[in-house]
$ cat my_file.txt   # compact mmCIF, C-alpha atoms
# COMPACT_ATOMS: atom_id res chain seq x y z
CA MET A 1 -11.13 -16.86 -11.23
CA THR A 2 -7.92 -14.83 -11.28
CA ALA A 3 -7.01 -12.64 -8.32
CA VAL A 4 -5.48 -9.34 -9.41
CA SER A 5 -4.99 -7.87 -5.94
CA ALA A 6 -5.92 -8.57 -2.35
CA GLY A 7 -9.66 -8.45 -2.02
CA ILE A 8 -10.51 -8.20 -5.77
CA ALA A 9 -11.03 -11.00 -8.28
CA VAL A 10 -11.98 -11.09 -11.97
CA ILE A 11 -14.41 -13.80 -13.10
CA THR A 12 -14.67 -14.77 -16.79
CA VAL A 13 -17.96 -16.42 -17.79
CA HIS A 14 -17.90 -18.51 -20.98
CA THR A 15 -21.12 -18.31 -23.02
CA GLU A 16 -22.14 -19.36 -26.53
CA SER A 17 -21.95 -15.76 -27.72
CA GLY A 18 -18.56 -15.10 -26.19
CA ASN A 19 -16.95 -14.26 -22.88
CA ARG A 20 -18.39 -11.91 -20.33
CA THR A 21 -16.42 -10.54 -17.40
CA ALA A 22 -17.55 -9.32 -14.01
CA THR A 23 -15.80 -8.31 -10.82
CA CYS A 24 -16.57 -9.44 -7.32
CA THR A 25 -15.08 -9.08 -3.88
CA ALA A 26 -12.97 -12.03 -2.81
CA THR A 27 -10.74 -12.83 0.12
CA VAL A 28 -7.18 -13.04 -1.21
CA ASP A 29 -4.26 -13.50 1.14
CA ALA A 30 -1.28 -12.07 -0.73
CA GLN A 31 1.14 -12.27 2.17
CA ARG A 32 4.24 -14.19 1.13
CA VAL A 33 6.00 -14.17 4.51
CA VAL A 34 4.26 -15.48 7.64
CA ALA A 35 5.52 -15.62 11.23
CA ARG A 36 3.78 -17.57 13.97
CA PRO A 37 4.61 -18.14 17.65
CA THR A 38 4.40 -21.30 19.69
CA PRO A 39 3.24 -20.80 23.29
CA PRO A 40 6.20 -19.93 25.52
CA ALA A 41 6.90 -22.14 28.52
CA ASP A 42 9.59 -22.33 31.19
CA GLY A 43 11.07 -19.02 30.07
CA ARG A 44 11.56 -20.10 26.47
CA GLY A 45 9.67 -19.79 23.20
CA VAL A 46 9.95 -20.17 19.43
CA ILE A 47 8.74 -18.11 16.48
CA GLU A 48 8.55 -19.89 13.13
CA VAL A 49 9.04 -17.96 9.88
CA LEU A 50 7.42 -19.38 6.74
CA LEU A 51 7.65 -18.35 3.08
CA ASP A 52 5.11 -18.90 0.32
CA VAL A 53 7.55 -20.17 -2.33
CA PRO A 54 7.81 -23.08 -4.81
CA VAL A 55 8.89 -26.29 -3.11
CA ASN A 56 11.99 -27.01 -5.21
CA GLU A 57 13.17 -23.49 -6.00
CA PRO A 58 16.12 -22.03 -4.10
CA PHE A 59 15.57 -18.59 -2.60
CA SER A 60 17.24 -15.88 -0.58
CA VAL A 61 15.53 -13.96 2.19
CA SER A 62 16.73 -11.37 4.68
CA PHE A 63 14.96 -9.58 7.50
CA THR A 64 15.50 -7.74 10.76
CA LEU A 65 14.15 -9.23 13.98
CA THR A 66 13.33 -6.91 16.90
CA LEU A 67 12.41 -8.44 20.25
CA PRO A 68 10.58 -6.56 23.02
CA ALA A 69 12.10 -5.77 26.42
CA GLY A 70 12.57 -8.87 28.54
CA PHE A 71 13.14 -11.11 25.49
CA SER A 72 16.57 -12.28 24.31
CA LEU A 73 17.53 -14.18 21.18
CA ASN A 74 18.63 -17.75 21.87
CA ARG A 75 21.31 -18.13 19.23
CA SER A 76 21.95 -21.83 19.89
CA GLY A 77 18.27 -22.68 19.51
CA THR A 78 17.76 -20.58 16.36
CA THR A 79 18.07 -22.80 13.29
CA LEU A 80 17.02 -23.33 9.72
CA ALA A 81 14.04 -25.59 9.17
CA SER A 82 15.22 -29.19 8.84
CA GLU A 83 14.19 -29.44 5.17
CA LEU A 84 16.56 -26.56 4.26
CA LEU A 85 19.65 -27.81 6.08
CA GLY A 86 21.17 -29.34 2.94
CA SER A 87 20.29 -26.56 0.51
CA HIS A 88 20.48 -23.23 2.36
CA GLN A 89 22.53 -21.54 5.04
CA LEU A 90 21.60 -19.14 7.83
CA ALA A 91 23.59 -16.14 9.05
CA VAL A 92 22.56 -14.07 12.09
CA ALA A 93 24.32 -10.84 13.05
CA PRO A 94 23.57 -8.20 15.70
CA ALA A 95 21.96 -5.00 14.38
CA ASP A 96 20.67 -2.23 16.64
CA ALA A 97 20.01 -2.82 20.34
CA GLY A 98 17.47 -5.61 20.65
CA SER A 99 17.60 -6.35 16.89
CA TRP A 100 19.31 -8.94 14.70
CA LEU A 101 19.79 -9.26 10.95
CA PHE A 102 18.87 -12.64 9.48
CA ALA A 103 19.98 -13.85 6.04
CA VAL A 104 19.06 -17.17 4.43
CA THR A 105 20.91 -17.95 1.20
CA PRO A 106 21.08 -21.02 -1.09
CA GLN A 107 24.23 -23.12 -1.14
CA THR A 108 23.21 -25.74 -3.71
CA SER A 109 21.20 -25.79 -6.91
CA LEU A 110 17.84 -27.54 -6.88
CA LEU A 111 15.54 -28.94 -9.54
CA GLY A 112 12.82 -26.92 -11.23
CA ALA A 113 10.20 -25.23 -9.11
CA GLY A 114 7.24 -27.23 -7.89
CA GLU A 115 3.98 -26.38 -6.17
CA THR A 116 3.99 -23.07 -4.28
CA VAL A 117 3.31 -23.65 -0.58
CA TYR A 118 4.21 -22.12 2.74
CA ARG A 119 7.55 -23.61 3.76
CA GLN A 120 9.12 -23.51 7.18
CA VAL A 121 12.34 -21.52 6.93
CA VAL A 122 13.69 -20.37 10.30
CA HIS A 123 12.94 -21.35 13.88
CA ILE A 124 13.73 -18.28 15.99
CA ALA A 125 14.29 -19.24 19.62
CA TYR A 126 14.14 -16.72 22.46
CA THR A 127 14.38 -16.69 26.23
CA LEU A 128 12.61 -14.59 28.87
CA ASP A 129 14.63 -12.91 31.60
CA GLY A 130 11.72 -12.65 34.04
CA THR A 131 11.18 -8.90 33.62
CA ALA A 132 8.53 -9.03 30.88
CA ALA A 133 5.10 -8.19 32.27
CA ALA A 134 2.03 -10.33 31.71
CA GLY A 135 0.11 -9.36 28.57
CA GLU A 136 0.74 -9.04 24.85
CA HIS A 137 4.23 -8.37 23.50
CA LYS A 138 5.00 -7.57 19.86
CA VAL A 139 7.92 -9.19 18.06
CA LYS A 140 8.71 -7.28 14.86
CA ILE A 141 10.13 -8.70 11.65
CA SER A 142 10.96 -5.88 9.25
CA ASN A 143 12.77 -5.03 6.01
CA ILE A 144 11.90 -8.43 4.53
CA ASP A 145 13.41 -9.09 1.10
CA LEU A 146 12.74 -12.37 -0.70
CA THR A 147 14.26 -13.43 -4.03
CA GLN A 148 13.44 -16.66 -5.86
CA SER A 149 16.58 -17.88 -7.59
CA ASN A 150 15.18 -19.52 -10.75
CA SER A 151 12.46 -17.04 -11.64
CA GLY A 152 14.16 -13.93 -10.27
CA ALA A 153 10.87 -12.91 -8.63
CA THR A 154 11.32 -10.55 -5.68
CA VAL A 155 9.05 -9.62 -2.79
CA HIS A 156 9.47 -6.87 -0.20
CA GLN A 157 7.46 -6.49 3.00
CA ASP A 158 8.09 -3.54 5.28
CA GLU A 159 7.05 -5.23 8.50
CA ILE A 160 5.02 -7.99 10.06
CA SER A 161 4.45 -8.41 13.77
CA VAL A 162 3.95 -11.46 15.96
CA THR A 163 2.00 -11.29 19.21
CA VAL A 164 3.41 -13.31 22.10
CA THR A 165 1.00 -13.45 25.04
CA LEU A 166 2.36 -14.01 28.54
CA THR A 167 0.22 -14.73 31.56
CA ASP A 168 3.30 -14.27 33.74
CA ALA A 169 7.02 -13.65 33.36
CA THR A 170 7.75 -17.37 32.91
CA GLY A 171 5.75 -17.58 29.71
CA ALA A 172 2.80 -19.71 30.71
CA GLN A 173 0.43 -20.82 27.96
CA PRO A 174 -2.43 -18.29 27.69
CA VAL A 175 -5.23 -20.71 26.75
CA GLU A 176 -6.29 -23.85 28.57
CA ALA A 177 -6.18 -26.96 26.40
CA SER A 178 -9.74 -27.84 27.40
CA GLU A 179 -10.98 -24.81 25.47
CA ILE A 180 -9.60 -26.13 22.17
CA VAL A 181 -11.37 -29.36 21.20
CA TYR A 182 -11.25 -31.41 17.98
CA TYR A 183 -13.78 -34.21 17.44
CA ASN A 184 -15.16 -35.94 14.36
CA GLY A 185 -13.84 -33.34 11.91
CA ILE A 186 -15.05 -30.31 13.90
CA LEU A 187 -12.67 -27.94 15.70
CA THR A 188 -14.25 -26.06 18.61
CA VAL A 189 -12.43 -22.98 19.93
CA ASN A 190 -13.67 -21.12 23.00
CA THR A 191 -11.42 -18.15 23.83
CA PRO A 192 -12.22 -14.68 25.18
CA GLN A 193 -10.81 -12.81 22.20
CA SER A 194 -11.34 -12.60 18.46
CA GLU A 195 -8.41 -14.12 16.63
CA ARG A 196 -7.14 -15.70 13.44
CA ILE A 197 -7.26 -19.51 13.25
CA GLU A 198 -4.74 -21.22 10.96
CA VAL A 199 -4.25 -24.92 10.22
CA TYR A 200 -0.95 -26.25 8.84
CA SER A 201 0.39 -29.61 7.79
CA VAL A 202 3.47 -30.84 9.65
CA SER A 203 5.53 -29.91 6.57
CA GLY A 204 4.51 -26.26 6.94
CA GLN A 205 1.82 -25.97 4.26
CA ARG A 206 -1.06 -23.75 5.31
CA LEU A 207 -4.31 -25.65 4.67
CA TYR A 208 -7.00 -23.50 6.29
CA VAL A 209 -7.48 -20.01 7.70
CA ALA A 210 -10.50 -18.39 9.31
CA ARG A 211 -11.43 -15.57 11.64
CA LYS A 212 -12.97 -16.30 15.05
CA GLU A 213 -14.96 -13.73 16.98
CA VAL A 214 -15.07 -13.45 20.78
CA GLY A 215 -16.27 -16.58 22.55
CA LYS A 216 -17.04 -20.05 21.19
CA ALA A 217 -16.86 -20.96 17.50
CA THR A 218 -16.70 -24.15 15.46
CA PHE A 219 -14.76 -24.89 12.27
CA ASP A 220 -15.43 -27.75 9.87
CA LEU A 221 -12.11 -29.38 8.92
CA ASN A 222 -13.60 -32.42 7.17
CA GLY A 223 -12.33 -31.19 3.80
CA LEU A 224 -8.68 -31.29 4.89
CA PRO A 225 -6.43 -34.31 4.22
CA LEU A 226 -6.16 -37.14 6.73
CA SER A 227 -2.95 -36.45 8.60
CA VAL A 228 -1.44 -34.81 11.64
CA LEU A 229 -2.40 -31.12 11.60
CA ILE A 230 -1.15 -28.17 13.63
CA VAL A 231 -3.69 -25.53 14.62
CA TYR A 232 -2.47 -22.04 15.58
CA GLY A 233 -4.52 -19.37 17.32
CA GLY A 234 -3.60 -15.72 16.90
CA SER A 235 -3.52 -15.26 20.69
CA GLY A 236 -0.58 -17.66 20.93
CA TRP A 237 -1.95 -21.16 21.50
CA VAL A 238 -1.08 -24.23 19.43
CA LYS A 239 -2.87 -27.60 19.23
CA LYS A 240 -1.81 -30.73 17.35
CA ILE A 241 -4.67 -32.84 16.02
CA VAL A 242 -4.81 -36.20 14.25
CA LYS A 243 -7.39 -36.24 11.48
$ encode --input "my_file.txt" --output "structure tokens"
Amino acid sequence: MTAVSAGIAVITVHTESGNRTATCTATVDAQRVVARPTPPADGRGVIEVLLDVPVNEPFSVSFTLTLPAGFSLNRSGTTLASELLGSHQLAVAPADAGSWLFAVTPQTSLLGAGETVYRQVVHIAYTLDGTAAAGEHKVKISNIDLTQSNSGATVHQDEISVTVTLTDATGAQPVEASEIVYYNGILTVNTPQSERIEVYSVSGQRLYVARKEVGKATFDLNGLPLSVLIVYGGSGWVKKIVK
């Protein structure tokens, strides 16, 4: 099956008399840049930016980060992912009010490209000044330009947004841990909103994604590798599980 665009796939059926083709609807996630928040606490939080790129291929990526009122960029806590420290460099410069321009560029040559996976790229740290109201706040990442060095492939995304949910101005975690339970290969999530559930390896590879409706839902993770996994909820919670 070859996906030709998000939501459409072409299936080729091999028969004795030749090939027949048919089209069907498929779920295809073509997004190459992903941002995800960790739950804020004690007035601080982190947003991780990931790229869907080959493991060993150098790349360049730039984007503009815009934080909502009450949020400030923590420059000292904003870093490259640890796996990129020897191969890439990060530059951050002020843009418009409340916005910063990020640029990640390669500084060494790497071997040929390997498997394409989501890789952690930048950990964006922010602080809360106590004026942000409880509720959902949108962090915007815009004008995203990605270039893979070896292949020359380029990707542009106009904008993605990240929802950071605050229950108060200090950044308390919005979901009680008791509502997120993992046992015997089954993840149970009981939250009052519909949201996207994503499971990542500790290296940043996305292994599973599903949509949860309002209330309680279960997800079978038995097909995932035995390891430490990180589960992210679209409403802002994070849970580490050992499988």
$ closest_residue --input "my_file.txt" --among "A:Thr38, A:Asn150, A:Ser76, A:Ile144" --to "Lys240 (chain A)" --atoms "all atoms listed in the file"
A:Thr38
$ residues_near_point --input "my_file.txt" --point "(-13.0, -28.4, 19.9)" --cutoff "10 Å" --atoms "all atoms listed in the file" --output "number ranges by chain"
A: 177-190, 216-219
$ closest_residue --input "my_file.txt" --among "A:Trp100, A:Tyr200, A:Tyr208, A:Phe63" --to "Asp158 (chain A)" --atoms "all atoms listed in the file"
A:Phe63
$ residues_around --input "my_file.txt" --residues "region 132-137 of chain A" --least-positions-apart "2" --cutoff "12 Å" --atoms "all atoms listed in the file" --output "PDB file with C-alpha atoms, keeping the file's coordinate frame"
ATOM      1  CA  PRO A  37       4.610 -18.140  17.650  1.00  0.00           C
ATOM      2  CA  PRO A  40       6.200 -19.930  25.520  1.00  0.00           C
ATOM      3  CA  GLY A  43      11.070 -19.020  30.070  1.00  0.00           C
ATOM      4  CA  THR A  66      13.330  -6.910  16.900  1.00  0.00           C
ATOM      5  CA  LEU A  67      12.410  -8.440  20.250  1.00  0.00           C
ATOM      6  CA  PRO A  68      10.580  -6.560  23.020  1.00  0.00           C
ATOM      7  CA  ALA A  69      12.100  -5.770  26.420  1.00  0.00           C
ATOM      8  CA  GLY A  70      12.570  -8.870  28.540  1.00  0.00           C
ATOM      9  CA  PHE A  71      13.140 -11.110  25.490  1.00  0.00           C
ATOM     10  CA  SER A  72      16.570 -12.280  24.310  1.00  0.00           C
ATOM     11  CA  THR A 127      14.380 -16.690  26.230  1.00  0.00           C
ATOM     12  CA  LEU A 128      12.610 -14.590  28.870  1.00  0.00           C
ATOM     13  CA  ASP A 129      14.630 -12.910  31.600  1.00  0.00           C
ATOM     14  CA  GLY A 130      11.720 -12.650  34.040  1.00  0.00           C
ATOM     15  CA  VAL A 139       7.920  -9.190  18.060  1.00  0.00           C
ATOM     16  CA  LYS A 140       8.710  -7.280  14.860  1.00  0.00           C
ATOM     17  CA  SER A 161       4.450  -8.410  13.770  1.00  0.00           C
ATOM     18  CA  VAL A 162       3.950 -11.460  15.960  1.00  0.00           C
ATOM     19  CA  THR A 163       2.000 -11.290  19.210  1.00  0.00           C
ATOM     20  CA  VAL A 164       3.410 -13.310  22.100  1.00  0.00           C
ATOM     21  CA  THR A 165       1.000 -13.450  25.040  1.00  0.00           C
ATOM     22  CA  LEU A 166       2.360 -14.010  28.540  1.00  0.00           C
ATOM     23  CA  THR A 167       0.220 -14.730  31.560  1.00  0.00           C
ATOM     24  CA  ASP A 168       3.300 -14.270  33.740  1.00  0.00           C
ATOM     25  CA  ALA A 169       7.020 -13.650  33.360  1.00  0.00           C
ATOM     26  CA  THR A 170       7.750 -17.370  32.910  1.00  0.00           C
ATOM     27  CA  GLY A 171       5.750 -17.580  29.710  1.00  0.00           C
ATOM     28  CA  ALA A 172       2.800 -19.710  30.710  1.00  0.00           C
ATOM     29  CA  GLN A 173       0.430 -20.820  27.960  1.00  0.00           C
ATOM     30  CA  PRO A 174      -2.430 -18.290  27.690  1.00  0.00           C
ATOM     31  CA  GLY A 234      -3.600 -15.720  16.900  1.00  0.00           C
ATOM     32  CA  SER A 235      -3.520 -15.260  20.690  1.00  0.00           C
ATOM     33  CA  GLY A 236      -0.580 -17.660  20.930  1.00  0.00           C
TER      34      GLY A 236
END
$ atom_distance --input "my_file.txt" --atom1 "CA of Leu207 (chain A)" --atom2 "CA of Ala41 (chain A)"
26.6 Å
$ closest_residue --input "my_file.txt" --among "A:Ser149, A:Asn143, A:Gln205, A:Ser99" --to "Leu73 (chain A)" --atoms "only C-alpha atoms"
A:Ser99
$ residues_around --input "my_file.txt" --residues "Ile141 (chain A)" --least-positions-apart "5" --cutoff "6 Å" --atoms "all atoms listed in the file" --output "MDAnalysis selection string"
chainID A and resid 64:65 159:160
$ residues_around --input "my_file.txt" --residues "Gln193 (chain A)" --least-positions-apart "2" --cutoff "7 Å" --atoms "only C-alpha atoms" --output "ChimeraX atom specification"
/A:191,195,213-215
$ closest_residue --input "my_file.txt" --among "A:Gln120, A:Ser62, A:Asn56, A:Gln148" --to "Thr79 (chain A)" --atoms "only C-alpha atoms"
A:Gln120
$ atom_distance --input "my_file.txt" --atom1 "CA of Pro192 (chain A)" --atom2 "CA of Ala210 (chain A)"
16.4 Å
$ atom_distance --input "my_file.txt" --atom1 "CA of Ser60 (chain A)" --atom2 "CA of Leu80 (chain A)"
12.7 Å
$ closest_residue --input "my_file.txt" --among "A:Ile230, A:Thr78, A:Leu90, A:Phe59" --to "Gly152 (chain A)" --atoms "all atoms listed in the file"
A:Phe59
$ closest_residue --input "my_file.txt" --among "A:Leu221, A:Tyr118, A:Gln107, A:Glu48" --to "Gly86 (chain A)" --atoms "all atoms listed in the file"
A:Gln107
$ residues_around --input "my_file.txt" --residues "Gly233 (chain A)" --least-positions-apart "5" --cutoff "8 Å" --atoms "all atoms listed in the file" --output "VMD selection string"
chain A and resid 195 to 198 238
